[in-house]
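Student: My structure file data-v3.csv, CSV, C-alpha atoms (C1' of nucleotides), is below:
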chain,number,residue,atom,x,y,z
Q,1458,MET,CA,84.8,76.9,-51.1
Q,1459,ILE,CA,83.4,74.8,-48.2
Q,1460,THR,CA,79.9,75.5,-49.6
Q,1461,ALA,CA,80.9,74.1,-52.9
Q,1462,TYR,CA,82.5,71.0,-51.5
Q,1463,ALA,CA,79.5,70.4,-49.2
Q,1464,SER,CA,77.1,70.4,-52.1
Q,1465,HIS,CA,78.2,67.0,-53.3
Q,1466,PRO,CA,78.8,63.8,-51.2
Q,1467,THR,CA,82.0,62.9,-53.0
Q,1468,THR,CA,83.7,66.1,-51.9
Q,1469,HIS,CA,82.4,66.1,-48.3
Q,1470,PRO,CA,85.7,65.0,-46.8
Q,1471,SER,CA,87.4,68.0,-48.5
Q,1472,ALA,CA,84.8,70.4,-47.0
Q,1473,LEU,CA,85.5,69.0,-43.5
Q,1474,GLU,CA,89.3,69.3,-44.2
Q,1475,LEU,CA,88.9,72.9,-45.1
Q,1476,PHE,CA,86.8,73.6,-42.1
Q,1477,ARG,CA,89.5,72.1,-39.8
Q,1478,HIS,CA,92.0,74.3,-41.6
Q,1479,MET,CA,89.9,77.3,-40.8
Q,1480,LEU,CA,89.9,76.4,-37.1
Q,1481,ARG,CA,93.6,75.7,-37.0
Q,1482,PHE,CA,94.8,78.9,-38.5
Q,1483,PRO,CA,94.0,82.1,-36.6
Q,1484,THR,CA,94.5,84.3,-39.6
Q,1485,THR,CA,91.6,82.8,-41.5
Q,1486,PRO,CA,88.2,84.3,-40.7
Q,1487,ARG,CA,86.2,82.7,-37.9
Q,1488,PRO,CA,83.4,80.4,-38.9
Q,1489,ASN,CA,80.0,82.2,-39.0
Q,1490,HIS,CA,76.5,80.9,-38.7
Q,1491,PHE,CA,76.3,80.8,-42.5
Q,1492,ILE,CA,79.0,78.2,-42.8
Q,1493,PHE,CA,77.9,75.7,-40.2
Q,1494,PRO,CA,74.9,74.2,-42.0
Q,1495,HIS,CA,77.2,73.4,-44.9
Q,1496,VAL,CA,79.8,71.8,-42.7
Q,1497,LEU,CA,77.1,69.8,-41.0
Q,1498,LYS,CA,76.0,68.4,-44.4
Q,1499,SER,CA,79.5,67.2,-44.9
Q,1500,CYS,CA,79.3,65.2,-41.7
Q,1501,TYR,CA,76.7,62.8,-43.0
Q,1502,GLU,CA,79.1,60.0,-43.9
Q,1503,SER,CA,81.9,60.6,-41.4
Q,1504,ARG,CA,79.9,60.8,-38.2
Q,1505,SER,CA,81.6,63.9,-37.0
Q,1506,THR,CA,78.4,65.8,-36.2
Q,1507,GLY,CA,79.2,65.8,-32.5
Q,1508,LEU,CA,82.6,67.5,-33.1
Q,1509,VAL,CA,81.0,70.2,-35.2
Q,1510,HIS,CA,78.3,70.6,-32.7
Q,1511,ALA,CA,80.9,71.3,-30.0
Q,1512,GLN,CA,82.5,73.8,-32.3
Q,1513,ILE,CA,79.1,75.5,-32.8
Q,1514,ILE,CA,78.6,75.8,-29.0
Q,1515,LYS,CA,82.1,77.2,-28.7
Q,1516,SER,CA,81.5,79.8,-31.3
Q,1517,GLY,CA,78.2,80.8,-29.7
Q,1518,PHE,CA,75.9,79.9,-32.7
Q,1519,GLU,CA,73.8,77.2,-31.0
Q,1520,GLN,CA,70.8,79.4,-30.8
Q,1521,TYR,CA,70.5,80.3,-34.5
Q,1522,PRO,CA,67.4,78.5,-35.9
Q,1523,VAL,CA,69.1,77.7,-39.2
Q,1524,VAL,CA,72.1,76.2,-37.4
Q,1525,GLN,CA,69.8,74.2,-35.1
Q,1526,THR,CA,67.8,72.8,-37.9
Q,1527,ALA,CA,71.0,71.7,-39.7
Q,1528,LEU,CA,72.1,70.0,-36.5
Q,1529,VAL,CA,68.8,68.1,-36.2
Q,1530,ASP,CA,69.3,67.0,-39.9
Q,1531,SER,CA,72.9,66.0,-39.4
Q,1532,TYR,CA,72.3,63.9,-36.3
Q,1533,SER,CA,69.3,62.3,-37.9
Q,1534,ARG,CA,71.4,60.9,-40.7
Q,1535,VAL,CA,73.9,59.2,-38.3
Q,1536,LEU,CA,73.2,55.6,-37.7
Q,1537,GLY,CA,71.6,55.3,-34.3
Q,1538,GLY,CA,71.7,59.0,-33.8
Q,1539,LEU,CA,68.0,59.5,-33.3
Q,1540,ARG,CA,68.2,60.1,-29.6
Q,1541,CYS,CA,70.6,63.0,-30.1
Q,1542,THR,CA,68.4,64.3,-32.8
Q,1543,ARG,CA,65.4,64.4,-30.6
Q,1544,MET,CA,67.4,66.0,-27.8
Q,1545,VAL,CA,68.5,68.9,-30.0
Q,1546,PHE,CA,65.0,69.1,-31.4
Q,1547,ASP,CA,63.4,69.3,-27.9
Q,1548,GLU,CA,65.8,72.1,-27.0
Q,1549,LEU,CA,64.8,74.3,-29.9
Q,1550,PHE,CA,63.5,77.8,-28.9
Q,1551,GLU,CA,61.5,78.3,-32.0
Q,1552,ARG,CA,60.2,75.4,-33.9
Q,1553,ASN,CA,59.4,76.3,-37.5
Q,1554,VAL,CA,58.0,74.1,-40.2
Q,1555,VAL,CA,61.5,73.2,-41.5
Q,1556,CYS,CA,62.8,71.7,-38.3
Q,1557,PHE,CA,59.6,69.8,-37.8
Q,1558,ILE,CA,60.0,68.2,-41.3
Q,1559,THR,CA,63.6,67.5,-40.5
Q,1560,MET,CA,62.6,65.6,-37.4
Q,1561,VAL,CA,59.7,63.8,-39.2
Q,1562,SER,CA,62.1,62.7,-41.9
Q,1563,GLY,CA,64.6,61.5,-39.3
Q,1564,TYR,CA,62.0,59.2,-37.8
Q,1565,ALA,CA,60.9,58.0,-41.2
Q,1566,ARG,CA,64.5,57.2,-42.2
Q,1567,VAL,CA,64.8,54.7,-39.3
Q,1568,GLY,CA,61.3,53.3,-40.0
Q,1569,ASP,CA,59.6,54.9,-37.0
Q,1570,VAL,CA,56.5,56.0,-38.9
Q,1571,ASP,CA,54.4,56.2,-35.7
Q,1572,ASN,CA,56.5,58.9,-34.2
Q,1573,ALA,CA,56.8,60.7,-37.6
Q,1574,LEU,CA,53.0,60.7,-37.7
Q,1575,ARG,CA,52.7,61.9,-34.1
Q,1576,LEU,CA,55.0,64.8,-34.8
Q,1577,PHE,CA,53.1,65.6,-38.0
Q,1578,ASN,CA,49.8,65.8,-36.0
Q,1579,GLU,CA,51.4,68.2,-33.5
Q,1580,MET,CA,52.2,70.7,-36.2
Q,1581,GLU,CA,50.1,73.8,-36.4
Q,1582,GLU,CA,50.8,74.7,-39.9
Q,1583,ARG,CA,51.7,72.2,-42.7
Q,1584,ASP,CA,53.1,73.0,-46.1
Q,1585,VAL,CA,53.6,70.8,-49.1
Q,1586,PRO,CA,57.1,69.4,-48.1
Q,1587,CYS,CA,55.6,68.4,-44.7
Q,1588,TRP,CA,53.0,66.2,-46.4
Q,1589,ASN,CA,55.7,64.9,-48.7
Q,1590,ALA,CA,58.0,64.0,-45.9
Q,1591,LEU,CA,55.3,61.9,-44.2
Q,1592,ILE,CA,54.0,60.3,-47.4
Q,1593,ALA,CA,57.6,59.5,-48.4
Q,1594,GLY,CA,58.2,58.1,-44.9
Q,1595,CYS,CA,55.3,55.7,-45.5
Q,1596,THR,CA,56.2,54.5,-48.9
Q,1597,GLN,CA,59.9,54.1,-48.0
Q,1598,ASN,CA,58.9,51.8,-45.2
Q,1599,GLY,CA,56.5,49.7,-47.3
Q,1600,LEU,CA,53.3,51.3,-45.8
Q,1601,PHE,CA,51.8,51.9,-49.2
Q,1602,ASN,CA,48.2,52.0,-48.2
Q,1603,GLN,CA,48.9,54.4,-45.4
Q,1604,GLY,CA,50.8,56.6,-47.9
Q,1605,ILE,CA,47.8,56.6,-50.2
Q,1606,GLU,CA,45.5,57.5,-47.4
Q,1607,LEU,CA,47.7,60.5,-46.6
Q,1608,PHE,CA,47.8,61.5,-50.2
Q,1609,ARG,CA,44.0,61.4,-50.4
Q,1610,ARG,CA,43.8,63.4,-47.2
Q,1611,MET,CA,46.2,66.0,-48.7
Q,1612,VAL,CA,44.3,66.2,-51.9
Q,1613,GLY,CA,41.0,66.5,-49.9
Q,1614,VAL,CA,42.4,69.3,-47.8
Q,1615,ALA,CA,43.8,71.1,-50.9
Q,1616,PHE,CA,40.8,70.9,-53.1
Q,1617,ASP,CA,37.7,70.8,-51.0
Q,1618,ARG,CA,38.1,74.0,-49.1
Q,1619,GLU,CA,39.1,76.3,-51.9
Q,1620,GLY,CA,38.6,76.5,-55.7
Q,1621,GLU,CA,41.0,74.5,-57.8
Q,1622,GLY,CA,44.0,76.4,-59.0
Q,1623,GLN,CA,44.4,78.8,-56.2
Q,1624,CYS,CA,44.4,76.5,-53.2
Q,1625,LYS,CA,47.2,75.9,-50.8
Q,1626,ASN,CA,49.1,72.6,-50.4
Q,1627,LYS,CA,48.5,71.2,-53.8
Q,1628,PRO,CA,50.6,68.1,-54.4
Q,1629,ASN,CA,53.8,68.9,-56.3
Q,1630,GLN,CA,56.3,66.8,-58.2
Q,1631,VAL,CA,57.7,65.2,-55.1
Q,1632,THR,CA,54.2,64.3,-53.8
Q,1633,VAL,CA,53.1,62.6,-57.0
Q,1634,VAL,CA,56.4,60.6,-57.3
Q,1635,CYS,CA,55.8,59.1,-53.8
Q,1636,ALA,CA,52.1,58.6,-54.4
Q,1637,LEU,CA,52.8,56.9,-57.8
Q,1638,SER,CA,55.2,54.5,-56.1
Q,1639,ALA,CA,52.5,53.5,-53.7
Q,1640,CYS,CA,50.0,53.0,-56.5
Q,1641,GLY,CA,52.4,50.7,-58.3
Q,1642,HIS,CA,53.1,48.6,-55.2
Q,1643,THR,CA,49.4,48.2,-54.4
Q,1644,GLY,CA,48.1,47.9,-58.0
Q,1645,MET,CA,45.9,51.0,-57.8
Q,1646,LEU,CA,45.7,51.8,-61.4
Q,1647,GLN,CA,42.7,54.1,-61.2
Q,1648,LEU,CA,44.4,56.4,-58.7
Q,1649,GLY,CA,47.6,56.2,-60.7
Q,1650,ARG,CA,45.7,57.4,-63.8
Q,1651,TRP,CA,44.1,60.2,-61.9
Q,1652,ILE,CA,47.5,61.3,-60.8
Q,1653,HIS,CA,48.7,61.2,-64.4
Q,1654,GLY,CA,45.9,63.5,-65.4
Q,1655,TYR,CA,46.7,65.8,-62.5
Q,1656,ILE,CA,50.3,65.9,-63.6
Q,1657,TYR,CA,49.3,66.8,-67.1
Q,1658,LYS,CA,46.9,69.5,-66.0
Q,1659,SER,CA,49.5,71.0,-63.6
Q,1660,GLY,CA,52.1,71.1,-66.4
Q,1661,PHE,CA,55.0,69.7,-64.4
Q,1662,MET,CA,55.7,66.7,-66.6
Q,1663,LEU,CA,59.2,67.8,-67.5
Q,1664,ASN,CA,60.8,66.3,-64.4
Q,1665,SER,CA,62.6,62.9,-65.0
Q,1666,PHE,CA,61.6,61.7,-61.5
Q,1667,VAL,CA,57.9,62.1,-62.4
Q,1668,SER,CA,58.3,60.4,-65.7
Q,1669,ASN,CA,60.1,57.4,-64.2
Q,1670,ALA,CA,57.5,57.1,-61.4
Q,1671,LEU,CA,54.8,56.9,-64.1
Q,1672,VAL,CA,56.7,54.3,-66.1
Q,1673,ASP,CA,57.1,52.3,-62.9
Q,1674,MET,CA,53.4,52.7,-61.9
Q,1675,TYR,CA,52.1,51.7,-65.3
Q,1676,GLY,CA,54.6,48.9,-65.5
Q,1677,LYS,CA,53.7,47.4,-62.2
Q,1678,CYS,CA,50.0,47.6,-63.0
Q,1679,GLY,CA,50.6,45.7,-66.2
Q,1680,ARG,CA,49.9,48.6,-68.6
Q,1681,LEU,CA,53.1,48.1,-70.5
Q,1682,GLY,CA,52.0,50.1,-73.6
Q,1683,GLN,CA,51.3,53.1,-71.4
Q,1684,ALA,CA,54.6,52.6,-69.6
Q,1685,ARG,CA,56.4,52.5,-72.9
Q,1686,LYS,CA,54.7,55.6,-74.2
Q,1687,VAL,CA,55.7,57.6,-71.1
Q,1688,PHE,CA,59.3,56.2,-71.4
Q,1689,GLU,CA,59.6,57.1,-75.0
Q,1690,ILE,CA,58.6,60.7,-74.6
Q,1691,ASN,CA,61.0,61.3,-71.8
Q,1692,PRO,CA,63.8,63.4,-73.5
Q,1693,GLU,CA,66.2,62.8,-70.7
Q,1694,LYS,CA,66.3,59.1,-70.1
Q,1695,GLY,CA,68.5,58.4,-67.2
Q,1696,LEU,CA,69.7,55.2,-65.5
Q,1697,THR,CA,66.4,54.8,-63.6
Q,1698,SER,CA,64.3,55.4,-66.7
Q,1699,TRP,CA,66.0,52.5,-68.4
Q,1700,ASN,CA,65.9,50.3,-65.3
Q,1701,SER,CA,62.2,50.9,-64.7
Q,1702,MET,CA,61.4,50.0,-68.3
Q,1703,ILE,CA,63.5,46.8,-68.2
Q,1704,ASN,CA,62.0,45.8,-64.9
Q,1705,SER,CA,58.4,46.4,-66.0
Q,1706,LEU,CA,58.8,44.2,-69.0
Q,1707,ALA,CA,60.7,41.5,-67.0
Q,1708,LEU,CA,58.0,41.5,-64.3
Q,1709,HIS,CA,55.3,40.7,-66.9
Q,1710,ARG,CA,57.3,38.0,-68.7
Q,1711,ARG,CA,58.1,40.1,-71.7
Q,1712,SER,CA,61.6,38.7,-71.8
Q,1713,ASP,CA,62.4,39.7,-75.4
Q,1714,GLY,CA,61.1,43.2,-74.9
Q,1715,SER,CA,63.1,43.6,-71.7
Q,1716,ILE,CA,66.3,42.4,-73.3
Q,1717,ALA,CA,65.7,44.6,-76.4
Q,1718,ILE,CA,65.5,47.7,-74.1
Q,1719,PHE,CA,68.7,46.6,-72.4
Q,1720,GLU,CA,70.4,46.3,-75.8
Q,1721,GLU,CA,69.1,49.7,-76.7
Q,1722,MET,CA,70.5,51.1,-73.4
Q,1723,VAL,CA,73.9,49.7,-74.2
Q,1724,GLU,CA,73.8,51.6,-77.5
Q,1725,HIS,CA,73.4,54.8,-75.5
Q,1726,ALA,CA,76.6,54.2,-73.7
Q,1727,SER,CA,77.6,57.9,-73.9
Q,1728,SER,CA,74.8,59.0,-71.6
Q,1729,VAL,CA,74.1,56.0,-69.5
Q,1730,ARG,CA,75.8,52.9,-68.0
Q,1731,PRO,CA,74.0,49.8,-66.7
Q,1732,ASP,CA,74.3,49.3,-63.0
Q,1733,GLU,CA,73.5,46.5,-60.6
Q,1734,VAL,CA,69.8,47.2,-60.6
Q,1735,THR,CA,69.8,46.9,-64.4
Q,1736,PHE,CA,71.2,43.4,-64.2
Q,1737,ILE,CA,68.7,42.3,-61.6
Q,1738,GLY,CA,66.0,43.3,-64.0
Q,1739,LEU,CA,67.7,41.7,-67.0
Q,1740,LEU,CA,68.4,38.4,-65.2
Q,1741,ASN,CA,64.8,38.4,-64.0
Q,1742,ALA,CA,63.7,38.7,-67.6
Q,1743,CYS,CA,65.9,35.7,-68.5
Q,1744,THR,CA,64.4,33.7,-65.6
Q,1745,HIS,CA,60.8,34.4,-66.8
Q,1746,GLY,CA,61.6,33.5,-70.3
Q,1747,GLY,CA,63.6,30.4,-69.3
Q,1748,LEU,CA,66.6,31.8,-71.1
Q,1749,VAL,CA,69.3,30.0,-69.1
Q,1750,ASP,CA,72.3,30.5,-71.4
Q,1751,GLN,CA,71.5,34.2,-71.9
Q,1752,GLY,CA,71.2,34.6,-68.2
Q,1753,TYR,CA,74.7,33.2,-67.8
Q,1754,TYR,CA,75.9,35.4,-70.5
Q,1755,TYR,CA,74.6,38.6,-68.9
Q,1756,PHE,CA,75.8,37.5,-65.5
Q,1757,GLU,CA,79.3,37.2,-66.9
Q,1758,MET,CA,78.9,40.4,-68.9
Q,1759,MET,CA,78.0,42.2,-65.7
Q,1760,ILE,CA,81.2,41.1,-64.0
Q,1761,ARG,CA,83.7,41.4,-66.9
Q,1762,GLU,CA,82.4,44.3,-69.0
Q,1763,TYR,CA,81.0,46.4,-66.3
Q,1764,GLY,CA,83.1,45.4,-63.3
Q,1765,ILE,CA,80.0,44.9,-61.1
Q,1766,GLU,CA,80.6,42.6,-58.2
Q,1767,PRO,CA,77.6,40.2,-58.0
Q,1768,GLN,CA,75.3,40.9,-55.1
Q,1769,ILE,CA,73.1,38.4,-53.4
Q,1770,GLU,CA,70.2,39.6,-55.6
Q,1771,HIS,CA,72.1,38.6,-58.7
Q,1772,TYR,CA,72.9,35.2,-57.3
Q,1773,GLY,CA,69.2,34.9,-56.3
Q,1774,CYS,CA,68.2,35.5,-59.9
Q,1775,LEU,CA,70.7,33.1,-61.3
Q,1776,ILE,CA,69.8,30.3,-58.9
Q,1777,ASP,CA,66.1,30.9,-59.6
Q,1778,LEU,CA,66.9,30.7,-63.3
Q,1779,LEU,CA,68.8,27.4,-63.0
Q,1780,GLY,CA,66.3,25.9,-60.5
Q,1781,ARG,CA,63.3,26.6,-62.8
Q,1782,ALA,CA,65.2,25.0,-65.7
Q,1783,GLY,CA,65.8,21.9,-63.6
Q,1784,ARG,CA,69.6,22.4,-63.8
Q,1785,PHE,CA,70.2,21.7,-60.1
Q,1786,ASP,CA,73.9,20.6,-60.3
Q,1787,GLU,CA,74.8,24.0,-61.7
Q,1788,ALA,CA,72.5,25.8,-59.2
Q,1789,ILE,CA,74.3,24.1,-56.3
Q,1790,GLU,CA,77.7,25.0,-57.8
Q,1791,VAL,CA,76.6,28.6,-57.9
Q,1792,VAL,CA,75.5,28.5,-54.3
Q,1793,LYS,CA,78.8,27.0,-53.3
Q,1794,GLY,CA,80.7,29.7,-55.3
Q,1795,MET,CA,78.9,32.6,-53.7
Q,1796,SER,CA,81.1,35.1,-51.8
Q,1797,MET,CA,78.4,35.6,-49.1
Q,1798,GLU,CA,76.1,33.4,-47.1
Q,1799,PRO,CA,72.9,32.4,-49.0
Q,1800,ASP,CA,69.8,34.1,-47.7
Q,1801,GLU,CA,66.2,33.0,-47.5
Q,1802,VAL,CA,65.5,34.2,-51.1
Q,1803,VAL,CA,68.3,32.0,-52.5
Q,1804,TRP,CA,67.1,28.9,-50.7
Q,1805,GLY,CA,63.4,29.8,-51.5
Q,1806,SER,CA,64.2,30.1,-55.2
Q,1807,LEU,CA,66.0,26.7,-55.1
Q,1808,LEU,CA,63.1,25.1,-53.2
Q,1809,ASN,CA,60.7,26.5,-55.8
Q,1810,GLY,CA,62.7,24.9,-58.5
Q,1811,CYS,CA,62.7,21.6,-56.6
Q,1812,LYS,CA,58.9,21.7,-56.3
Q,1813,VAL,CA,58.4,22.3,-60.0
Q,1814,HIS,CA,60.7,19.5,-61.0
Q,1815,GLY,CA,59.7,17.1,-58.3
Q,1816,ARG,CA,63.2,16.9,-56.7
Q,1817,ASN,CA,62.0,16.0,-53.3
Q,1818,ASP,CA,65.4,14.9,-52.0
Q,1819,LEU,CA,66.9,18.3,-52.7
Q,1820,ALA,CA,63.8,20.0,-51.5
Q,1821,GLU,CA,64.2,18.4,-48.1
Q,1822,PHE,CA,67.7,19.7,-47.8
Q,1823,THR,CA,66.6,23.2,-48.9
Q,1824,ALA,CA,63.5,23.4,-46.7
Q,1825,LYS,CA,65.7,22.4,-43.7
Q,1826,LYS,CA,67.9,25.3,-44.5
Q,1827,LEU,CA,64.9,27.6,-44.6
Q,1828,VAL,CA,63.7,26.3,-41.2
Q,1829,GLU,CA,67.2,26.9,-39.8
Q,1830,PHE,CA,67.1,30.4,-41.1
Q,1831,ASP,CA,63.8,31.3,-39.6
Q,1832,PRO,CA,62.6,28.7,-37.0
Q,1833,HIS,CA,59.6,30.8,-36.0
Q,1834,ASN,CA,58.2,31.0,-39.5
Q,1835,GLY,CA,55.6,28.3,-39.5
Q,1836,GLY,CA,55.3,28.4,-43.3
Q,1837,TYR,CA,58.7,26.8,-43.8
Q,1838,GLY,CA,57.9,24.1,-41.2
Q,1839,ILE,CA,54.7,23.3,-43.1
Q,1840,MET,CA,56.6,23.1,-46.4
Q,1841,LEU,CA,59.1,20.7,-44.8
Q,1842,ALA,CA,56.3,18.5,-43.4
Q,1843,ASN,CA,54.7,18.4,-46.8
Q,1844,ILE,CA,58.0,17.3,-48.4
Q,1845,TYR,CA,58.4,14.6,-45.8
Q,1846,GLY,CA,54.9,13.5,-46.7
Q,1847,GLU,CA,55.9,13.3,-50.4
Q,1848,LEU,CA,58.9,11.3,-49.5
Q,1849,GLY,CA,56.9,8.9,-47.3
Q,1850,LYS,CA,58.9,9.8,-44.2
Q,1851,TRP,CA,56.0,9.7,-41.8
Q,1852,ASP,CA,58.1,9.9,-38.6
Q,1853,GLU,CA,59.7,13.1,-39.8
Q,1854,VAL,CA,56.3,14.5,-40.7
Q,1855,PHE,CA,55.3,14.0,-37.1
Q,1856,GLU,CA,58.6,15.6,-35.9
Q,1857,ALA,CA,58.3,18.6,-38.2
Q,1858,GLU,CA,54.7,19.2,-37.2
Q,1859,LYS,CA,55.6,19.0,-33.5
Q,1860,ASP,CA,57.9,22.0,-33.9
Q,1861,LEU,CA,55.2,24.2,-35.6
K,790,DT,C1',67.9,74.9,-43.0
K,791,DG,C1',63.3,70.5,-44.9
K,792,DC,C1',60.4,66.5,-48.8
K,793,DT,C1',61.5,62.6,-54.7
K,794,DG,C1',62.1,57.1,-58.4
K,795,DA,C1',63.9,51.5,-59.9
K,796,DA,C1',65.8,45.8,-57.6
K,797,DC,C1',66.1,38.5,-56.3
K,798,DC,C1',62.1,33.4,-54.2
K,799,DC,C1',56.4,32.6,-53.3
Let me see the structure of the file written as structure tokens.

Tutor:
Amino acid sequence: MITAYASHPTTHPSALELFRHMLRFPTTPRPNHFIFPHVLKSCYESRSTGLVHAQIIKSGFEQYPVVQTALVDSYSRVLGGLRCTRMVFDELFERNVVCFITMVSGYARVGDVDNALRLFNEMEERDVPCWNALIAGCTQNGLFNQGIELFRRMVGVAFDREGEGQCKNKPNQVTVVCALSACGHTGMLQLGRWIHGYIYKSGFMLNSFVSNALVDMYGKCGRLGQARKVFEINPEKGLTSWNSMINSLALHRRSDGSIAIFEEMVEHASSVRPDEVTFIGLLNACTHGGLVDQGYYYFEMMIREYGIEPQIEHYGCLIDLLGRAGRFDEAIEVVKGMSMEPDEVVWGSLLNGCKVHGRNDLAEFTAKKLVEFDPHNGGYGIMLANIYGELGKWDEVFEAEKDL
DNA sequence: TGCTGAACCC
């Protein structure tokens, strides 16, 4: 029962509750080494890893490799728990591939790619998930070029030594999903195409993750027809499939196409429901098409029909939309009505609109906000100085440049 | 017991 509850995040509290019950009542069987990894999984959200750790020591299971690896994993998912994670990892008697990956992923999760790489290099044997963990660590932290370099290295190691087809460490679905994401972000269409061919030859196209990653890669590289083709033949279009297609079209200013896909998505209400990401893409489409009223309409729809609380990203889109259309009074009203503090993107969008429409007075106010936000960013200071120049405020130009 | 995708300004 604990195992069942531990398999899904929503039932994790129940798994922990049952575990406590087990401990409280002497008539129930004692926890064994099999149950602890599941219990540790249930600790991810509740930060109770330490308590379970104590229980493991009490029960005498702290030297079981599987339990140890589960401990490393559990600690590595607690915010700020990396020091504990490394301590447990350093005390391991026998370090197998699995605990190395767990530690590598722990580093990657907090953005410490250097240490992840260091550990990866210390490993004597590397399997496919090892490479995947490191490549994913790079792409998840925005190091796309580094991720691609690793992918190339992996492919080199896999194909150069032995004949194709029988070699070890061939990229799998997980690998290509990460690599395709990196291709999209860096615009590496050629490599992306090569990966598509590789997927086809390997015959693992059935996975929805892979299909979505292809849609995203082709979309970001501007091959909307290809993106659409891959999207259409995916028999199990999930939320991300729709979102990726909507986003791809929005990104390349195909507003009508993007909105059409959204409308089609709404028709598939029985299998999929738009989420906050959907509306970011949709609002983005409206912005690029200058469709102010439709933008408003969808913003309202998101709140009323779908009960989605607007995030700062949605406000960013809406303000961008209004700013580009020169509707500054409304844009300022939206900023005032926001339930959170505006961020750099919000002010940046507004400033962009001001520049397009020559509203230097408002631009001055907005640029000041940006400088306040990030005083060490010289770019904002330069923008402010330029605006003062436009306004003929030469003393302020001097002041602004002094601070750069 | 380990590794997977999408998102606001320029």

Student: So that I can see what lies close to segment 793-798 of chain K, please list as a count of residues only the residues with an atom at most 10 Å from it, counting all atoms listed in the file and leaving out residues fewer than 4 positions away in the same chain.

Tutor: 58

Student: Atom CA of Gly1714 of chain Q to atom CA of Gly1783 of chain Q: how many Å, to one decimal?

Tutor: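 Separation between atom CA of Gly1714 of chain Q and atom CA of Gly1783 of chain Q: 24.6 Å.
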
Student: Would you list the contacts of Gly1644 of chain Q as an MDAnalysis selection string, taking every protein, DNA or RNA residue within 10 Å and counting only C-alpha atoms (C1' of nucleotides), but skipping same-chain residues closer than 2 positions in sequence?

Tutor: chainID Q and resid 1638:1642 1646:1649 1674:1679

Student: Using all atoms listed in the file, find the one residue out of Q:Glu1724, Q:Glu1548, Q:Asp1732, Q:Glu1579 that sits nearest to chain K.

Tutor: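 Among Q:Glu1724, Q:Glu1548, Q:Asp1732, Q:Glu1579, it is Q:Asp1732 that comes nearest to chain K.
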
Student: Find the residue from Q:Lys1515, Q:His1653, Q:Arg1781, Q:Lys1850 that sits nearest to Asp1818 of chain Q; use all atoms listed in the file when measuring.

Tutor: Q:Lys1850

Student: Using only C-alpha atoms (C1' of nucleotides), which residues sit within 12 Å of DC792 of chain K once same-chain residues fewer than 2 positions away are excluded, as an NGL selection string?

Tutor: :Q and (1554-1563 or 1565 or 1584-1594 or 1628-1635)

Student: Using all atoms listed in the file, which residue out of Q:Lys1658, Q:Lys1826, Q:Arg1583, Q:Lys1812 lies closest to DC799 of chain K?

Tutor: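 Among the listed residues, the smallest separation from DC799 of chain K belongs to Q:Lys1812.
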
Student: Expressed in Å to a single decimal, how great is the separation between atom CA of Gly1604 of chain Q and atom CA of Phe1616 of chain Q?

Tutor: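 According to the coordinates, atom CA of Gly1604 of chain Q and atom CA of Phe1616 of chain Q are separated by 18.2 Å.
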
Student: Mind pulling up the distance from atom CA of Ser1499 of chain Q to atom CA of Cys1541 of chain Q?

Tutor: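 Taking atom CA of Cys1541 of chain Q and atom CA of Ser1499 of chain Q, their separation equals 17.8 Å.
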
Student: Find, counting all atoms listed in the file, the residue in Q:Ile1690, Q:Ile1605, Q:Leu1473, Q:Ala1636 that gets nearest to chain K.

Tutor: Q:Ala1636
